[in-house]
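Colleague: My structure file run.txt, compact mmCIF, N, CA and C atoms, is below:
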# COMPACT_ATOMS: atom_id res chain seq x y z
N MET A 1369 85.59 78.48 99.64
CA MET A 1369 85.68 78.83 98.23
C MET A 1369 84.86 77.83 97.40
N ASP A 1370 84.16 78.37 96.45
CA ASP A 1370 83.39 77.50 95.58
C ASP A 1370 84.00 77.50 94.17
N LYS A 1371 83.33 76.83 93.25
CA LYS A 1371 83.86 76.70 91.88
C LYS A 1371 84.00 78.05 91.18
N LEU A 1372 83.08 78.98 91.47
CA LEU A 1372 83.18 80.30 90.86
C LEU A 1372 84.42 81.05 91.36
N ASP A 1373 84.71 80.94 92.66
CA ASP A 1373 85.93 81.55 93.20
C ASP A 1373 87.16 80.95 92.53
N HIS A 1374 87.17 79.63 92.37
CA HIS A 1374 88.28 78.95 91.69
C HIS A 1374 88.44 79.48 90.27
N ARG A 1375 87.33 79.64 89.57
CA ARG A 1375 87.36 80.11 88.18
C ARG A 1375 87.90 81.54 88.11
N ILE A 1376 87.46 82.38 89.03
CA ILE A 1376 87.94 83.77 89.07
C ILE A 1376 89.45 83.80 89.31
N ILE A 1377 89.92 82.98 90.23
CA ILE A 1377 91.36 82.92 90.50
C ILE A 1377 92.12 82.44 89.27
N ASP A 1378 91.62 81.39 88.63
CA ASP A 1378 92.26 80.90 87.41
C ASP A 1378 92.36 82.00 86.35
N LEU A 1379 91.30 82.75 86.18
CA LEU A 1379 91.28 83.82 85.18
C LEU A 1379 92.27 84.93 85.56
N LEU A 1380 92.32 85.27 86.83
CA LEU A 1380 93.24 86.32 87.27
C LEU A 1380 94.70 85.88 87.18
N VAL A 1381 94.96 84.59 87.37
CA VAL A 1381 96.33 84.09 87.21
C VAL A 1381 96.76 84.25 85.75
N LEU A 1382 95.84 83.98 84.82
CA LEU A 1382 96.16 84.13 83.40
C LEU A 1382 96.32 85.60 83.00
N ASN A 1383 95.52 86.48 83.62
CA ASN A 1383 95.57 87.90 83.29
C ASN A 1383 95.10 88.70 84.50
N SER A 1384 96.06 89.19 85.29
CA SER A 1384 95.71 89.92 86.50
C SER A 1384 95.07 91.28 86.19
N ARG A 1385 95.12 91.70 84.94
CA ARG A 1385 94.51 92.97 84.54
C ARG A 1385 93.11 92.79 83.96
N ALA A 1386 92.57 91.59 84.01
CA ALA A 1386 91.22 91.37 83.48
C ALA A 1386 90.24 92.27 84.21
N SER A 1387 89.35 92.87 83.45
CA SER A 1387 88.36 93.76 84.06
C SER A 1387 87.28 92.94 84.76
N LEU A 1388 86.55 93.61 85.64
CA LEU A 1388 85.43 92.95 86.30
C LEU A 1388 84.39 92.50 85.28
N LYS A 1389 84.23 93.29 84.24
CA LYS A 1389 83.28 92.95 83.17
C LYS A 1389 83.74 91.65 82.48
N GLU A 1390 85.03 91.56 82.16
CA GLU A 1390 85.55 90.35 81.51
C GLU A 1390 85.40 89.13 82.43
N LEU A 1391 85.73 89.31 83.71
CA LEU A 1391 85.59 88.21 84.67
C LEU A 1391 84.14 87.79 84.80
N GLY A 1392 83.24 88.77 84.81
CA GLY A 1392 81.81 88.49 84.91
C GLY A 1392 81.30 87.71 83.70
N LYS A 1393 81.76 88.10 82.53
CA LYS A 1393 81.33 87.42 81.31
C LYS A 1393 81.80 85.96 81.31
N ALA A 1394 83.04 85.73 81.79
CA ALA A 1394 83.60 84.37 81.80
C ALA A 1394 82.99 83.49 82.87
N THR A 1395 82.34 84.10 83.87
CA THR A 1395 81.78 83.32 84.98
C THR A 1395 80.26 83.42 85.07
N ASP A 1396 79.66 84.13 84.14
CA ASP A 1396 78.20 84.36 84.15
C ASP A 1396 77.74 85.07 85.43
N LEU A 1397 78.58 85.99 85.91
CA LEU A 1397 78.23 86.80 87.07
C LEU A 1397 78.21 88.27 86.67
N SER A 1398 77.53 89.09 87.46
CA SER A 1398 77.55 90.53 87.22
C SER A 1398 78.88 91.10 87.71
N SER A 1399 79.23 92.25 87.20
CA SER A 1399 80.48 92.90 87.64
C SER A 1399 80.49 93.14 89.15
N PRO A 1400 79.37 93.62 89.74
CA PRO A 1400 79.37 93.81 91.19
C PRO A 1400 79.57 92.49 91.97
N SER A 1401 79.00 91.39 91.45
CA SER A 1401 79.18 90.09 92.11
C SER A 1401 80.64 89.66 92.05
N VAL A 1402 81.26 89.85 90.89
CA VAL A 1402 82.68 89.51 90.75
C VAL A 1402 83.51 90.37 91.68
N ALA A 1403 83.22 91.66 91.72
CA ALA A 1403 83.97 92.58 92.59
C ALA A 1403 83.86 92.14 94.04
N ASP A 1404 82.67 91.73 94.46
CA ASP A 1404 82.47 91.27 95.83
C ASP A 1404 83.30 90.02 96.12
N ARG A 1405 83.29 89.08 95.17
CA ARG A 1405 84.06 87.85 95.36
C ARG A 1405 85.57 88.14 95.42
N VAL A 1406 86.04 88.99 94.53
CA VAL A 1406 87.47 89.34 94.52
C VAL A 1406 87.83 90.04 95.83
N ARG A 1407 86.98 90.94 96.29
CA ARG A 1407 87.23 91.63 97.56
C ARG A 1407 87.31 90.63 98.72
N ARG A 1408 86.36 89.68 98.78
CA ARG A 1408 86.36 88.67 99.85
C ARG A 1408 87.59 87.77 99.78
N LEU A 1409 88.00 87.40 98.55
CA LEU A 1409 89.20 86.57 98.40
C LEU A 1409 90.43 87.33 98.89
N GLY A 1410 90.44 88.64 98.69
CA GLY A 1410 91.54 89.46 99.20
C GLY A 1410 91.51 89.55 100.72
N GLU A 1411 90.32 89.76 101.28
CA GLU A 1411 90.19 89.85 102.74
C GLU A 1411 90.59 88.56 103.44
N LYS A 1412 90.31 87.42 102.79
CA LYS A 1412 90.67 86.11 103.35
C LYS A 1412 92.16 85.81 103.18
N GLY A 1413 92.85 86.62 102.38
CA GLY A 1413 94.27 86.37 102.14
C GLY A 1413 94.54 85.38 101.02
N VAL A 1414 93.48 84.96 100.32
CA VAL A 1414 93.67 84.04 99.21
C VAL A 1414 94.38 84.77 98.07
N ILE A 1415 93.91 85.94 97.72
CA ILE A 1415 94.58 86.80 96.74
C ILE A 1415 95.42 87.78 97.53
N ARG A 1416 96.73 87.71 97.34
CA ARG A 1416 97.64 88.59 98.08
C ARG A 1416 98.01 89.84 97.30
N SER A 1417 98.06 89.73 95.97
CA SER A 1417 98.40 90.90 95.16
C SER A 1417 98.08 90.62 93.70
N PHE A 1418 98.11 91.66 92.92
CA PHE A 1418 97.97 91.56 91.48
C PHE A 1418 99.31 92.00 90.92
N THR A 1419 99.84 91.22 90.01
CA THR A 1419 101.20 91.48 89.56
C THR A 1419 101.35 91.19 88.08
N VAL A 1420 102.56 91.38 87.59
CA VAL A 1420 102.87 91.05 86.19
C VAL A 1420 103.93 89.96 86.19
N ASP A 1421 103.98 89.22 85.10
CA ASP A 1421 104.98 88.18 84.92
C ASP A 1421 105.97 88.69 83.88
N VAL A 1422 107.19 88.98 84.31
CA VAL A 1422 108.21 89.53 83.44
C VAL A 1422 109.19 88.43 83.05
N ASP A 1423 109.52 88.35 81.78
CA ASP A 1423 110.46 87.36 81.28
C ASP A 1423 111.89 87.87 81.49
N PRO A 1424 112.68 87.24 82.37
CA PRO A 1424 114.06 87.71 82.60
C PRO A 1424 114.89 87.76 81.32
N GLU A 1425 114.63 86.84 80.40
CA GLU A 1425 115.40 86.82 79.15
C GLU A 1425 115.16 88.08 78.33
N ALA A 1426 113.95 88.62 78.37
CA ALA A 1426 113.64 89.85 77.66
C ALA A 1426 114.41 91.04 78.25
N LEU A 1427 114.88 90.90 79.50
CA LEU A 1427 115.67 91.94 80.15
C LEU A 1427 117.17 91.67 80.01
N GLY A 1428 117.52 90.66 79.25
CA GLY A 1428 118.94 90.36 79.03
C GLY A 1428 119.51 89.29 79.93
N TYR A 1429 118.69 88.70 80.80
CA TYR A 1429 119.15 87.64 81.70
C TYR A 1429 118.87 86.30 81.05
N SER A 1430 119.80 85.85 80.23
CA SER A 1430 119.59 84.63 79.46
C SER A 1430 119.92 83.36 80.24
N LEU A 1431 120.51 83.51 81.41
CA LEU A 1431 120.91 82.35 82.21
C LEU A 1431 120.28 82.40 83.60
N GLN A 1432 119.98 81.21 84.13
CA GLN A 1432 119.46 81.09 85.49
C GLN A 1432 120.18 79.94 86.18
N ALA A 1433 120.25 80.01 87.50
CA ALA A 1433 120.87 78.94 88.26
C ALA A 1433 120.10 78.73 89.56
N ILE A 1434 120.17 77.50 90.04
CA ILE A 1434 119.69 77.15 91.37
C ILE A 1434 120.93 77.00 92.23
N VAL A 1435 120.95 77.67 93.37
CA VAL A 1435 122.11 77.63 94.24
C VAL A 1435 121.68 77.14 95.62
N ARG A 1436 122.30 76.06 96.06
CA ARG A 1436 122.11 75.59 97.43
C ARG A 1436 123.20 76.25 98.27
N VAL A 1437 122.80 76.80 99.41
CA VAL A 1437 123.72 77.59 100.22
C VAL A 1437 123.76 77.05 101.64
N ARG A 1438 124.96 76.76 102.10
CA ARG A 1438 125.18 76.30 103.47
C ARG A 1438 126.11 77.30 104.16
N PRO A 1439 125.55 78.21 104.99
CA PRO A 1439 126.38 79.21 105.65
C PRO A 1439 127.43 78.58 106.57
N LEU A 1440 128.57 79.23 106.66
CA LEU A 1440 129.60 78.83 107.61
C LEU A 1440 129.10 79.14 109.01
N PRO A 1441 129.66 78.50 110.05
CA PRO A 1441 129.19 78.74 111.42
C PRO A 1441 129.14 80.24 111.75
N GLY A 1442 128.01 80.65 112.31
CA GLY A 1442 127.83 82.03 112.73
C GLY A 1442 127.50 83.00 111.61
N MET A 1443 127.34 82.52 110.40
CA MET A 1443 127.13 83.40 109.25
C MET A 1443 125.71 83.37 108.68
N LEU A 1444 124.82 82.64 109.31
CA LEU A 1444 123.47 82.45 108.76
C LEU A 1444 122.80 83.77 108.43
N HIS A 1445 122.74 84.68 109.40
CA HIS A 1445 122.02 85.93 109.19
C HIS A 1445 122.73 86.83 108.18
N LEU A 1446 124.04 86.81 108.16
CA LEU A 1446 124.79 87.60 107.18
C LEU A 1446 124.54 87.08 105.76
N VAL A 1447 124.53 85.76 105.61
CA VAL A 1447 124.28 85.16 104.30
C VAL A 1447 122.86 85.47 103.85
N GLU A 1448 121.90 85.34 104.74
CA GLU A 1448 120.51 85.64 104.39
C GLU A 1448 120.37 87.08 103.92
N ARG A 1449 121.00 88.00 104.62
CA ARG A 1449 120.93 89.41 104.24
C ARG A 1449 121.63 89.65 102.89
N LEU A 1450 122.76 88.98 102.68
CA LEU A 1450 123.49 89.11 101.42
C LEU A 1450 122.64 88.64 100.24
N ILE A 1451 121.96 87.52 100.43
CA ILE A 1451 121.06 87.02 99.38
C ILE A 1451 119.94 88.03 99.12
N GLN A 1452 119.35 88.55 100.19
CA GLN A 1452 118.25 89.52 100.05
C GLN A 1452 118.70 90.78 99.33
N GLU A 1453 119.95 91.19 99.55
CA GLU A 1453 120.46 92.43 98.97
C GLU A 1453 121.02 92.27 97.56
N THR A 1454 121.08 91.05 97.07
CA THR A 1454 121.61 90.80 95.73
C THR A 1454 120.44 90.67 94.76
N PRO A 1455 120.22 91.68 93.92
CA PRO A 1455 119.00 91.70 93.10
C PRO A 1455 118.90 90.55 92.10
N GLU A 1456 120.02 89.94 91.74
CA GLU A 1456 119.96 88.82 90.80
C GLU A 1456 119.29 87.59 91.40
N PHE A 1457 119.23 87.49 92.75
CA PHE A 1457 118.48 86.41 93.38
C PHE A 1457 117.01 86.76 93.27
N ILE A 1458 116.27 85.93 92.54
CA ILE A 1458 114.85 86.23 92.30
C ILE A 1458 113.92 85.42 93.17
N GLU A 1459 114.45 84.37 93.81
CA GLU A 1459 113.68 83.55 94.76
C GLU A 1459 114.65 82.97 95.76
N CYS A 1460 114.16 82.72 96.96
CA CYS A 1460 114.98 82.03 97.95
C CYS A 1460 114.07 81.40 98.99
N ASP A 1461 114.35 80.15 99.29
CA ASP A 1461 113.62 79.45 100.35
C ASP A 1461 114.61 79.06 101.43
N LYS A 1462 114.22 79.24 102.68
CA LYS A 1462 115.00 78.75 103.83
C LYS A 1462 114.48 77.35 104.09
N VAL A 1463 115.38 76.37 104.09
CA VAL A 1463 114.96 74.97 104.10
C VAL A 1463 115.64 74.19 105.23
N THR A 1464 115.11 73.01 105.48
CA THR A 1464 115.74 72.09 106.41
C THR A 1464 116.73 71.23 105.64
N GLY A 1465 117.53 70.50 106.36
CA GLY A 1465 118.50 69.61 105.70
C GLY A 1465 119.90 70.19 105.78
N ASP A 1466 120.79 69.67 104.96
CA ASP A 1466 122.18 70.09 104.99
C ASP A 1466 122.36 71.55 104.59
N ASP A 1467 121.58 72.02 103.63
CA ASP A 1467 121.68 73.41 103.19
C ASP A 1467 120.64 74.22 103.92
N CYS A 1468 120.92 75.51 104.09
CA CYS A 1468 119.95 76.38 104.75
C CYS A 1468 119.08 77.14 103.77
N PHE A 1469 119.62 77.39 102.57
CA PHE A 1469 118.88 78.15 101.57
C PHE A 1469 118.96 77.45 100.22
N ILE A 1470 117.86 77.51 99.48
CA ILE A 1470 117.85 77.13 98.08
C ILE A 1470 117.34 78.36 97.34
N ALA A 1471 118.18 78.89 96.46
CA ALA A 1471 117.87 80.15 95.81
C ALA A 1471 117.95 80.02 94.30
N LYS A 1472 117.22 80.89 93.63
CA LYS A 1472 117.26 80.94 92.17
C LYS A 1472 117.74 82.34 91.79
N LEU A 1473 118.66 82.38 90.83
CA LEU A 1473 119.13 83.68 90.40
C LEU A 1473 119.22 83.75 88.89
N CYS A 1474 119.13 84.97 88.38
CA CYS A 1474 119.26 85.25 86.95
C CYS A 1474 120.57 86.00 86.75
N PHE A 1475 121.23 85.71 85.62
CA PHE A 1475 122.47 86.40 85.32
C PHE A 1475 122.69 86.42 83.82
N ARG A 1476 123.57 87.32 83.40
CA ARG A 1476 123.80 87.50 81.97
C ARG A 1476 124.98 86.69 81.45
N THR A 1477 126.01 86.54 82.28
CA THR A 1477 127.23 85.85 81.86
C THR A 1477 127.74 84.98 82.98
N MET A 1478 128.58 84.04 82.64
CA MET A 1478 129.20 83.19 83.67
C MET A 1478 130.09 84.04 84.57
N ALA A 1479 130.72 85.07 84.03
CA ALA A 1479 131.55 85.96 84.84
C ALA A 1479 130.70 86.67 85.91
N GLN A 1480 129.48 87.05 85.54
CA GLN A 1480 128.58 87.68 86.51
C GLN A 1480 128.20 86.67 87.60
N LEU A 1481 127.92 85.44 87.21
CA LEU A 1481 127.61 84.40 88.19
C LEU A 1481 128.78 84.21 89.15
N ASP A 1482 130.00 84.13 88.61
CA ASP A 1482 131.18 83.96 89.46
C ASP A 1482 131.32 85.11 90.45
N ALA A 1483 131.07 86.34 90.01
CA ALA A 1483 131.19 87.49 90.90
C ALA A 1483 130.16 87.42 92.03
N ILE A 1484 128.95 87.02 91.70
CA ILE A 1484 127.90 86.89 92.72
C ILE A 1484 128.27 85.81 93.72
N LEU A 1485 128.67 84.65 93.21
CA LEU A 1485 129.01 83.53 94.09
C LEU A 1485 130.25 83.81 94.92
N ASP A 1486 131.20 84.58 94.37
CA ASP A 1486 132.41 84.93 95.15
C ASP A 1486 132.03 85.69 96.41
N ARG A 1487 131.04 86.56 96.32
CA ARG A 1487 130.60 87.31 97.52
C ARG A 1487 129.96 86.38 98.54
N ILE A 1488 129.24 85.37 98.06
CA ILE A 1488 128.56 84.43 98.95
C ILE A 1488 129.56 83.45 99.57
N THR A 1489 130.50 82.95 98.77
CA THR A 1489 131.38 81.89 99.26
C THR A 1489 132.39 82.36 100.29
N GLU A 1490 132.45 83.64 100.54
CA GLU A 1490 133.25 84.15 101.66
C GLU A 1490 132.60 83.77 102.99
N LYS A 1491 131.28 83.52 102.94
CA LYS A 1491 130.51 83.28 104.16
C LYS A 1491 129.74 81.97 104.14
N ALA A 1492 129.83 81.23 103.02
CA ALA A 1492 129.03 80.01 102.90
C ALA A 1492 129.60 79.09 101.83
N GLU A 1493 129.24 77.81 101.95
CA GLU A 1493 129.52 76.86 100.88
C GLU A 1493 128.33 76.89 99.94
N THR A 1494 128.60 76.77 98.64
CA THR A 1494 127.51 76.77 97.68
C THR A 1494 127.63 75.58 96.74
N ASN A 1495 126.50 75.20 96.19
CA ASN A 1495 126.44 74.18 95.15
C ASN A 1495 125.49 74.72 94.10
N THR A 1496 126.00 74.88 92.88
CA THR A 1496 125.25 75.58 91.84
C THR A 1496 124.89 74.65 90.69
N SER A 1497 123.65 74.76 90.23
CA SER A 1497 123.19 74.03 89.04
C SER A 1497 122.61 75.05 88.07
N ILE A 1498 123.05 74.98 86.82
CA ILE A 1498 122.52 75.86 85.79
C ILE A 1498 121.18 75.31 85.33
N VAL A 1499 120.20 76.18 85.18
CA VAL A 1499 118.87 75.79 84.72
C VAL A 1499 118.90 75.65 83.21
N LYS A 1500 118.56 74.46 82.71
CA LYS A 1500 118.50 74.21 81.26
C LYS A 1500 117.12 74.55 80.71
N ALA A 1501 116.09 74.23 81.44
CA ALA A 1501 114.71 74.47 81.01
C ALA A 1501 113.82 74.49 82.24
N THR A 1502 112.63 75.04 82.09
CA THR A 1502 111.66 75.09 83.19
C THR A 1502 110.37 74.45 82.70
N PRO A 1503 110.25 73.11 82.83
CA PRO A 1503 109.06 72.44 82.33
C PRO A 1503 107.79 72.80 83.10
N ILE A 1504 107.93 73.25 84.34
CA ILE A 1504 106.78 73.71 85.11
C ILE A 1504 107.11 75.09 85.64
N LYS A 1505 106.40 76.09 85.14
CA LYS A 1505 106.55 77.45 85.66
C LYS A 1505 105.86 77.50 87.01
N ARG A 1506 106.16 78.53 87.77
CA ARG A 1506 105.48 78.72 89.06
C ARG A 1506 103.98 78.65 88.82
N ARG A 1507 103.30 77.84 89.61
CA ARG A 1507 101.86 77.68 89.44
C ARG A 1507 101.19 77.56 90.80
N LEU A 1508 99.89 77.67 90.78
CA LEU A 1508 99.11 77.54 92.01
C LEU A 1508 99.02 76.08 92.43
N PRO A 1509 98.88 75.83 93.73
CA PRO A 1509 98.55 74.48 94.14
C PRO A 1509 97.11 74.20 93.70
N PRO A 1510 96.68 72.93 93.70
CA PRO A 1510 95.30 72.62 93.31
C PRO A 1510 94.30 73.40 94.15
N LEU A 1511 93.31 73.98 93.51
CA LEU A 1511 92.32 74.78 94.21
C LEU A 1511 91.16 73.95 94.75
N GLY A 1512 90.91 72.80 94.16
CA GLY A 1512 89.78 71.98 94.58
C GLY A 1512 90.03 71.28 95.90
N ASN A 1513 89.02 70.62 96.40
CA ASN A 1513 89.12 69.93 97.70
C ASN A 1513 89.90 68.66 97.61
Please express what this file holds, its structure, as structure tokens.
Modeller:
Amino acid sequence: MDKLDHRIIDLLVLNSRASLKELGKATDLSSPSVADRVRRLGEKGVIRSFTVDVDPEALGYSLQAIVRVRPLPGMLHLVERLIQETPEFIECDKVTGDDCFIAKLCFRTMAQLDAILDRITEKAETNTSIVKATPIKRRLPPLGN
């Protein structure tokens, strides 16, 4: 990847709906050149998809929490499936250490959070932290060398 590829990725992160013409203008490339670069970045697996960024609060989810999950013996796969099937969980990482999962969820009320966690705590220990602010939104790792 060169600097132009980095620039194209940066632009697409800001607006995944940017046209090839807009990307070309911002990079001093022709639309066909930009299209070729975007296609190659996709083939290499650098660009996996084009998506939208939706604000959970605009959908009524004014609260978020980080939940560390430690499944009870023999419950790992059941807990993983339960997390996957609960739409309020918006992210989950399987990790090393004392906990097996670190997950992020959105919810509207503390009662909703309690109901979600009650289903999980039948099969796992949990430790929950309410998110106060997000000083760093999900971002790309550094693109340069």
Colleague: At a cut-off of 5 Å, using all atoms listed in the file, what residues contact range 1492-1503 of chain A? Leave out same-chain residues fewer than 4 positions from it and give the result as a list in words.
Modeller: Gln1432, Ala1433, Ile1434, Val1435, Arg1436, Val1437, Arg1438, Pro1439, Leu1440 and Ile1488 of chain A
Colleague: Hey, can you check how far atom C of His1374 in chain A sits from atom C of Lys1505 in chain A?
Modeller: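 Computing it gives 17.8 Å between the two atoms.
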Colleague: With all atoms listed in the file as the basis for distance, which of A:Ser1401, A:Leu1444, A:Lys1472, A:Thr1419 is at the shortest distance from Leu1380 in chain A?
Modeller: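 The answer is A:Thr1419, which sits nearest to Leu1380 in chain A.
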Colleague: In Å, how far is it from atom N of Gln1452 in chain A to atom C of Thr1489 in chain A?
Modeller: 14.4 Å
Colleague: Between CA of Ile1415 in chain A and atom N of Pro1510 in chain A, measure the distance and give it in Å to one decimal.
Modeller: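 About the pair CA of Ile1415 in chain A and atom N of Pro1510 in chain A: they are 14.4 Å apart.
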Colleague: So that I can see what lies close to Gly1392 in chain A, please list as an MDAnalysis selection string the residues with an atom at most 8 Å from it, counting only N, CA and C atoms and leaving out residues fewer than 5 positions away in the same chain.
Modeller: chainID A and resid 1386:1387 1397:1403
Colleague: Write out, as a PDB file, in the frame of the given file, the residues just selected, with N, CA and C atoms.
Modeller:
ATOM      1  N   ALA A1386      92.570  91.590  84.010  1.00  0.00           N
ATOM      2  CA  ALA A1386      91.220  91.370  83.480  1.00  0.00           C
ATOM      3  C   ALA A1386      90.240  92.270  84.210  1.00  0.00           C
ATOM      4  N   SER A1387      89.350  92.870  83.450  1.00  0.00           N
ATOM      5  CA  SER A1387      88.360  93.760  84.060  1.00  0.00           C
ATOM      6  C   SER A1387      87.280  92.940  84.760  1.00  0.00           C
ATOM      7  N   LEU A1397      78.580  85.990  85.910  1.00  0.00           N
ATOM      8  CA  LEU A1397      78.230  86.800  87.070  1.00  0.00           C
ATOM      9  C   LEU A1397      78.210  88.270  86.670  1.00  0.00           C
ATOM     10  N   SER A1398      77.530  89.090  87.460  1.00  0.00           N
ATOM     11  CA  SER A1398      77.550  90.530  87.220  1.00  0.00           C
ATOM     12  C   SER A1398      78.880  91.100  87.710  1.00  0.00           C
ATOM     13  N   SER A1399      79.230  92.250  87.200  1.00  0.00           N
ATOM     14  CA  SER A1399      80.480  92.900  87.640  1.00  0.00           C
ATOM     15  C   SER A1399      80.490  93.140  89.150  1.00  0.00           C
ATOM     16  N   PRO A1400      79.370  93.620  89.740  1.00  0.00           N
ATOM     17  CA  PRO A1400      79.370  93.810  91.190  1.00  0.00           C
ATOM     18  C   PRO A1400      79.570  92.490  91.970  1.00  0.00           C
ATOM     19  N   SER A1401      79.000  91.390  91.450  1.00  0.00           N
ATOM     20  CA  SER A1401      79.180  90.090  92.110  1.00  0.00           C
ATOM     21  C   SER A1401      80.640  89.660  92.050  1.00  0.00           C
ATOM     22  N   VAL A1402      81.260  89.850  90.890  1.00  0.00           N
ATOM     23  CA  VAL A1402      82.680  89.510  90.750  1.00  0.00           C
ATOM     24  C   VAL A1402      83.510  90.370  91.680  1.00  0.00           C
ATOM     25  N   ALA A1403      83.220  91.660  91.720  1.00  0.00           N
ATOM     26  CA  ALA A1403      83.970  92.580  92.590  1.00  0.00           C
ATOM     27  C   ALA A1403      83.860  92.140  94.040  1.00  0.00           C
TER      28      ALA A1403
END
Colleague: Within 7 Å of range 1477-1485 of chain A, counting all atoms listed in the file, which residues show up once you throw out same-chain ones fewer than 4 positions away? Write them as a list in words, please.
Modeller: Tyr1429, Ser1430, Leu1431, Thr1489 and Glu1490 of chain A
Colleague: Check the smallest atom-to-atom distance from each of A:Phe1418, A:Ile1376, A:Glu1456, A:Arg1476 to Glu1390 in chain A using only C-alpha atoms, then report the winner.
Modeller: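 Ranking A:Phe1418, A:Ile1376, A:Glu1456, A:Arg1476 by distance to Glu1390 in chain A, first place goes to A:Ile1376.
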Colleague: I'd like to know which residues of range 1370-1513 of chain A are strand (DSSP E or B) (by DSSP, run on the backbone); could you write them as a list in words?
Modeller: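 Those residues are Leu1431, Gln1432, Ala1433, Ile1434, Val1435, Arg1436, Val1437, Arg1438, Pro1439, Phe1457, Ile1458, Glu1459, Cys1460, Asp1461, Lys1462, Phe1469, Ile1470, Ala1471, Lys1472, Leu1473, Cys1474, Phe1475, Ala1492, Glu1493, Thr1494, Asn1495, Thr1496, Ser1497 and Ile1498 of chain A.
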Colleague: Using all atoms listed in the file, find the one residue out of A:His1445, A:Gly1428, A:Cys1460, A:Val1420 that sits nearest to Ser1384 in chain A.
Modeller: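 Ranking A:His1445, A:Gly1428, A:Cys1460, A:Val1420 by distance to Ser1384 in chain A, first place goes to A:Val1420.
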Colleague: Pick out each residue of range 1379-1467 of chain A that DSSP on the backbone tags as alpha helix (DSSP H); I need them as a VMD selection string.
Modeller: chain A and resid 1379 to 1382 1388 to 1395 1399 to 1411 1444 to 1453
